[in-house]
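Just below is one structure, and these are the notes that go with it.
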Amino acid sequence: MSGRPPSPRDPGLQPERTRLAWRRTTLASTVTAVLAVKAALNGSGGTSAGGIVACALCCGLWLAFLLLAHRRIRSLAATASPRALAPRHATSVVLCTIATAVCALALVV
């Protein structure tokens with residue numbers, strides 16, 4: 001209780017760790033999309049219309065996730081004290097991830 005104003009928050013390496021986590025997640029999403037293409041094209045029963053649709057949807061979701069992640073990575077790199085993740089942005093990322101998982105499940109089953 002010295003009466004001095006609190007010093008500004010030092011984020012340390014947290015923004016860098018967060019950027020790296022976004023990059024790892026993007027890499028995992030890319031691997032999922034590549035495996036979806038492989039599953040759709042090399043299915044045991046041949047290539048089906050449903051498999052192609054699920055593969056195209058998975059690739060579209062991957063592209064959407066990639067754009068969202070790139071936007072977040074850029075905002076984290078722009079300043080030393082980045083803004084919090086917007087709820088709309090977080091919801092979009094979660095929905096892309098869940099929908100990609102559903103498409104992958106449809107390709108496997």
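Just so we're on the same page: first chain in the structure tokens is A, next is B, and so on; residues restart at 1 for each chain, and ligands are numbered from 1 in the order they show up.
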
Neighbour list for Leu61 (chain A) as a PDB file with all heavy atoms, in the first residue's frame, cut-off 12 Å, only C-alpha atoms, skip fewer than 6 positions in-chain:
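To be explicit, this is the file written out as around.pdb:
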ATOM      1  N   THR A  26      -2.584 -25.174 -36.140  1.00  0.00           N
ATOM      2  CA  THR A  26      -2.753 -25.065 -37.588  1.00  0.00           C
ATOM      3  C   THR A  26      -2.086 -26.234 -38.303  1.00  0.00           C
ATOM      4  O   THR A  26      -2.636 -26.795 -39.256  1.00  0.00           O
ATOM      5  CB  THR A  26      -2.174 -23.724 -38.093  1.00  0.00           C
ATOM      6  OG1 THR A  26      -2.830 -22.664 -37.410  1.00  0.00           O
ATOM      7  CG2 THR A  26      -2.371 -23.563 -39.577  1.00  0.00           C
ATOM      8  N   SER A  29      -4.273 -29.233 -37.895  1.00  0.00           N
ATOM      9  CA  SER A  29      -5.430 -29.102 -38.781  1.00  0.00           C
ATOM     10  C   SER A  29      -5.040 -29.431 -40.220  1.00  0.00           C
ATOM     11  O   SER A  29      -5.804 -30.057 -40.956  1.00  0.00           O
ATOM     12  CB  SER A  29      -5.996 -27.681 -38.678  1.00  0.00           C
ATOM     13  OG  SER A  29      -7.094 -27.522 -39.515  1.00  0.00           O
ATOM     14  N   THR A  30      -3.851 -29.026 -40.621  1.00  0.00           N
ATOM     15  CA  THR A  30      -3.367 -29.325 -41.969  1.00  0.00           C
ATOM     16  C   THR A  30      -3.184 -30.824 -42.159  1.00  0.00           C
ATOM     17  O   THR A  30      -3.584 -31.378 -43.184  1.00  0.00           O
ATOM     18  CB  THR A  30      -2.030 -28.591 -42.224  1.00  0.00           C
ATOM     19  OG1 THR A  30      -2.243 -27.188 -42.050  1.00  0.00           O
ATOM     20  CG2 THR A  30      -1.501 -28.867 -43.608  1.00  0.00           C
ATOM     21  N   THR A  32      -4.788 -33.140 -40.588  1.00  0.00           N
ATOM     22  CA  THR A  32      -6.135 -33.708 -40.651  1.00  0.00           C
ATOM     23  C   THR A  32      -6.733 -33.561 -42.044  1.00  0.00           C
ATOM     24  O   THR A  32      -7.331 -34.500 -42.578  1.00  0.00           O
ATOM     25  CB  THR A  32      -7.050 -33.024 -39.612  1.00  0.00           C
ATOM     26  OG1 THR A  32      -6.477 -33.188 -38.327  1.00  0.00           O
ATOM     27  CG2 THR A  32      -8.447 -33.592 -39.633  1.00  0.00           C
ATOM     28  N   ALA A  33      -6.566 -32.388 -42.652  1.00  0.00           N
ATOM     29  CA  ALA A  33      -7.101 -32.166 -43.995  1.00  0.00           C
ATOM     30  C   ALA A  33      -6.410 -33.064 -45.020  1.00  0.00           C
ATOM     31  O   ALA A  33      -7.068 -33.634 -45.898  1.00  0.00           O
ATOM     32  CB  ALA A  33      -6.949 -30.697 -44.380  1.00  0.00           C
ATOM     33  N   ALA A  36      -7.712 -36.491 -44.623  1.00  0.00           N
ATOM     34  CA  ALA A  36      -9.078 -36.570 -45.152  1.00  0.00           C
ATOM     35  C   ALA A  36      -9.053 -36.751 -46.666  1.00  0.00           C
ATOM     36  O   ALA A  36      -9.815 -37.558 -47.220  1.00  0.00           O
ATOM     37  CB  ALA A  36      -9.865 -35.314 -44.779  1.00  0.00           C
ATOM     38  N   ALA A  54     -17.443 -34.871 -48.338  1.00  0.00           N
ATOM     39  CA  ALA A  54     -16.867 -34.742 -46.989  1.00  0.00           C
ATOM     40  C   ALA A  54     -15.444 -34.217 -47.064  1.00  0.00           C
ATOM     41  O   ALA A  54     -15.028 -33.384 -46.251  1.00  0.00           O
ATOM     42  CB  ALA A  54     -16.899 -36.086 -46.265  1.00  0.00           C
ATOM     43  N   CYS A  55     -14.681 -34.662 -48.055  1.00  0.00           N
ATOM     44  CA  CYS A  55     -13.315 -34.192 -48.236  1.00  0.00           C
ATOM     45  C   CYS A  55     -13.301 -32.707 -48.594  1.00  0.00           C
ATOM     46  O   CYS A  55     -12.499 -31.939 -48.043  1.00  0.00           O
ATOM     47  CB  CYS A  55     -12.641 -35.008 -49.331  1.00  0.00           C
ATOM     48  SG  CYS A  55     -10.966 -34.488 -49.687  1.00  0.00           S
ATOM     49  N   LEU A  67      -7.295 -19.283 -42.027  1.00  0.00           N
ATOM     50  CA  LEU A  67      -7.467 -17.829 -42.074  1.00  0.00           C
ATOM     51  C   LEU A  67      -7.680 -17.247 -40.677  1.00  0.00           C
ATOM     52  O   LEU A  67      -7.108 -16.204 -40.330  1.00  0.00           O
ATOM     53  CB  LEU A  67      -8.631 -17.474 -42.991  1.00  0.00           C
ATOM     54  CG  LEU A  67      -8.399 -17.779 -44.472  1.00  0.00           C
ATOM     55  CD1 LEU A  67      -9.681 -17.555 -45.268  1.00  0.00           C
ATOM     56  CD2 LEU A  67      -7.266 -16.950 -45.026  1.00  0.00           C
ATOM     57  N   LEU A  68      -8.500 -17.906 -39.872  1.00  0.00           N
ATOM     58  CA  LEU A  68      -8.727 -17.433 -38.499  1.00  0.00           C
ATOM     59  C   LEU A  68      -7.448 -17.484 -37.670  1.00  0.00           C
ATOM     60  O   LEU A  68      -7.130 -16.548 -36.929  1.00  0.00           O
ATOM     61  CB  LEU A  68      -9.822 -18.269 -37.832  1.00  0.00           C
ATOM     62  CG  LEU A  68     -11.241 -18.065 -38.360  1.00  0.00           C
ATOM     63  CD1 LEU A  68     -12.137 -19.190 -37.877  1.00  0.00           C
ATOM     64  CD2 LEU A  68     -11.765 -16.716 -37.935  1.00  0.00           C
ATOM     65  N   SER A  92     -15.900 -19.272 -33.787  1.00  0.00           N
ATOM     66  CA  SER A  92     -15.652 -19.717 -35.161  1.00  0.00           C
ATOM     67  C   SER A  92     -14.586 -20.799 -35.209  1.00  0.00           C
ATOM     68  O   SER A  92     -14.727 -21.795 -35.923  1.00  0.00           O
ATOM     69  CB  SER A  92     -15.211 -18.533 -36.026  1.00  0.00           C
ATOM     70  OG  SER A  92     -16.208 -17.556 -36.084  1.00  0.00           O
ATOM     71  N   VAL A  93     -13.520 -20.618 -34.439  1.00  0.00           N
ATOM     72  CA  VAL A  93     -12.441 -21.611 -34.412  1.00  0.00           C
ATOM     73  C   VAL A  93     -12.946 -22.939 -33.848  1.00  0.00           C
ATOM     74  O   VAL A  93     -12.662 -24.010 -34.394  1.00  0.00           O
ATOM     75  CB  VAL A  93     -11.240 -21.080 -33.608  1.00  0.00           C
ATOM     76  CG1 VAL A  93     -10.228 -22.162 -33.347  1.00  0.00           C
ATOM     77  CG2 VAL A  93     -10.588 -19.913 -34.331  1.00  0.00           C
ATOM     78  N   VAL A  94     -13.712 -22.876 -32.777  1.00  0.00           N
ATOM     79  CA  VAL A  94     -14.247 -24.099 -32.170  1.00  0.00           C
ATOM     80  C   VAL A  94     -15.185 -24.817 -33.140  1.00  0.00           C
ATOM     81  O   VAL A  94     -15.116 -26.043 -33.300  1.00  0.00           O
ATOM     82  CB  VAL A  94     -14.954 -23.776 -30.835  1.00  0.00           C
ATOM     83  CG1 VAL A  94     -15.757 -24.959 -30.339  1.00  0.00           C
ATOM     84  CG2 VAL A  94     -13.936 -23.348 -29.793  1.00  0.00           C
ATOM     85  N   LEU A  95     -16.050 -24.067 -33.814  1.00  0.00           N
ATOM     86  CA  LEU A  95     -16.977 -24.681 -34.764  1.00  0.00           C
ATOM     87  C   LEU A  95     -16.230 -25.311 -35.941  1.00  0.00           C
ATOM     88  O   LEU A  95     -16.610 -26.400 -36.398  1.00  0.00           O
ATOM     89  CB  LEU A  95     -17.998 -23.658 -35.246  1.00  0.00           C
ATOM     90  CG  LEU A  95     -19.022 -23.221 -34.203  1.00  0.00           C
ATOM     91  CD1 LEU A  95     -19.933 -22.136 -34.774  1.00  0.00           C
ATOM     92  CD2 LEU A  95     -19.844 -24.410 -33.716  1.00  0.00           C
ATOM     93  N   CYS A  96     -15.185 -24.661 -36.436  1.00  0.00           N
ATOM     94  CA  CYS A  96     -14.377 -25.252 -37.515  1.00  0.00           C
ATOM     95  C   CYS A  96     -13.734 -26.554 -37.057  1.00  0.00           C
ATOM     96  O   CYS A  96     -13.723 -27.543 -37.789  1.00  0.00           O
ATOM     97  CB  CYS A  96     -13.286 -24.277 -37.959  1.00  0.00           C
ATOM     98  SG  CYS A  96     -13.847 -22.978 -39.051  1.00  0.00           S
ATOM     99  N   THR A  97     -13.233 -26.563 -35.841  1.00  0.00           N
ATOM    100  CA  THR A  97     -12.569 -27.758 -35.317  1.00  0.00           C
ATOM    101  C   THR A  97     -13.562 -28.906 -35.150  1.00  0.00           C
ATOM    102  O   THR A  97     -13.294 -30.041 -35.557  1.00  0.00           O
ATOM    103  CB  THR A  97     -11.891 -27.435 -33.975  1.00  0.00           C
ATOM    104  OG1 THR A  97     -10.982 -26.351 -34.174  1.00  0.00           O
ATOM    105  CG2 THR A  97     -11.149 -28.632 -33.431  1.00  0.00           C
ATOM    106  N   ILE A  98     -14.718 -28.621 -34.581  1.00  0.00           N
ATOM    107  CA  ILE A  98     -15.733 -29.669 -34.377  1.00  0.00           C
ATOM    108  C   ILE A  98     -16.252 -30.184 -35.715  1.00  0.00           C
ATOM    109  O   ILE A  98     -16.398 -31.395 -35.916  1.00  0.00           O
ATOM    110  CB  ILE A  98     -16.864 -29.142 -33.484  1.00  0.00           C
ATOM    111  CG1 ILE A  98     -16.357 -28.933 -32.063  1.00  0.00           C
ATOM    112  CG2 ILE A  98     -18.063 -30.100 -33.505  1.00  0.00           C
ATOM    113  CD1 ILE A  98     -17.331 -28.235 -31.152  1.00  0.00           C
ATOM    114  N   ALA A  99     -16.510 -29.278 -36.658  1.00  0.00           N
ATOM    115  CA  ALA A  99     -17.013 -29.695 -37.956  1.00  0.00           C
ATOM    116  C   ALA A  99     -15.974 -30.520 -38.708  1.00  0.00           C
ATOM    117  O   ALA A  99     -16.320 -31.483 -39.404  1.00  0.00           O
ATOM    118  CB  ALA A  99     -17.420 -28.466 -38.776  1.00  0.00           C
ATOM    119  N   THR A 100     -14.702 -30.181 -38.579  1.00  0.00           N
ATOM    120  CA  THR A 100     -13.645 -30.972 -39.204  1.00  0.00           C
ATOM    121  C   THR A 100     -13.617 -32.376 -38.611  1.00  0.00           C
ATOM    122  O   THR A 100     -13.455 -33.374 -39.333  1.00  0.00           O
ATOM    123  CB  THR A 100     -12.276 -30.292 -39.042  1.00  0.00           C
ATOM    124  OG1 THR A 100     -12.329 -29.000 -39.625  1.00  0.00           O
ATOM    125  CG2 THR A 100     -11.166 -31.105 -39.677  1.00  0.00           C
ATOM    126  N   ALA A 101     -13.778 -32.478 -37.298  1.00  0.00           N
ATOM    127  CA  ALA A 101     -13.814 -33.794 -36.648  1.00  0.00           C
ATOM    128  C   ALA A 101     -15.003 -34.619 -37.147  1.00  0.00           C
ATOM    129  O   ALA A 101     -14.883 -35.825 -37.383  1.00  0.00           O
ATOM    130  CB  ALA A 101     -13.865 -33.637 -35.143  1.00  0.00           C
ATOM    131  N   VAL A 102     -16.143 -33.978 -37.334  1.00  0.00           N
ATOM    132  CA  VAL A 102     -17.337 -34.683 -37.835  1.00  0.00           C
ATOM    133  C   VAL A 102     -17.098 -35.166 -39.255  1.00  0.00           C
ATOM    134  O   VAL A 102     -17.453 -36.303 -39.607  1.00  0.00           O
ATOM    135  CB  VAL A 102     -18.579 -33.770 -37.727  1.00  0.00           C
ATOM    136  CG1 VAL A 102     -19.758 -34.356 -38.472  1.00  0.00           C
ATOM    137  CG2 VAL A 102     -18.933 -33.520 -36.267  1.00  0.00           C
ATOM    138  N   CYS A 103     -16.491 -34.327 -40.086  1.00  0.00           N
ATOM    139  CA  CYS A 103     -16.186 -34.745 -41.465  1.00  0.00           C
ATOM    140  C   CYS A 103     -15.196 -35.904 -41.481  1.00  0.00           C
ATOM    141  O   CYS A 103     -15.337 -36.839 -42.272  1.00  0.00           O
ATOM    142  CB  CYS A 103     -15.610 -33.573 -42.252  1.00  0.00           C
ATOM    143  SG  CYS A 103     -16.820 -32.330 -42.664  1.00  0.00           S
ATOM    144  N   ALA A 104     -14.196 -35.839 -40.617  1.00  0.00           N
ATOM    145  CA  ALA A 104     -13.239 -36.932 -40.546  1.00  0.00           C
ATOM    146  C   ALA A 104     -13.918 -38.223 -40.105  1.00  0.00           C
ATOM    147  O   ALA A 104     -13.641 -39.292 -40.656  1.00  0.00           O
ATOM    148  CB  ALA A 104     -12.106 -36.569 -39.579  1.00  0.00           C
TER     149      ALA A 104
END

Applying 12 Å and only C-alpha atoms, which residues near Gln14 (chain A) remain after dropping the ones on its own chain fewer than 6 positions away? List them as a count of residues only.
7

DSSP says alpha helix (DSSP H) for which residues of chain A? Put them as an NGL selection string?
:A and (14-41 or 49-78 or 87-108)

Between CA of Arg74 (chain A) and CA of Cys58 (chain A), distance in Å (one decimal):
24.1 Å

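Between CA of Val108 (chain A) and CA of Ala56 (chain A) there is a distance of 14.8 Å.
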
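Neighbours of Leu41 (chain A) closer than or equal to 9 Å, with only C-alpha atoms counted and sequence neighbours fewer than 6 positions away skipped, come out as Thr47, Ser48, Gly51, Ile52 and Cys55 of chain A.
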
Between CA of Ile73 (chain A) and CA of Trp22 (chain A), what is the distance in Å, rounded to a tenth?
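Atom-to-atom, CA of Ile73 (chain A) and CA of Trp22 (chain A) are spaced 6.9 Å apart.
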
Go through A:Ala28, A:Leu107, A:Ala86, A:Cys59 one by one, measure the shortest atom-to-atom distance of each to Asn42 (chain A) using only C-alpha atoms, and give the residue with the smallest value.
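Using only C-alpha atoms, the shortest distance to Asn42 (chain A) belongs to A:Leu107.
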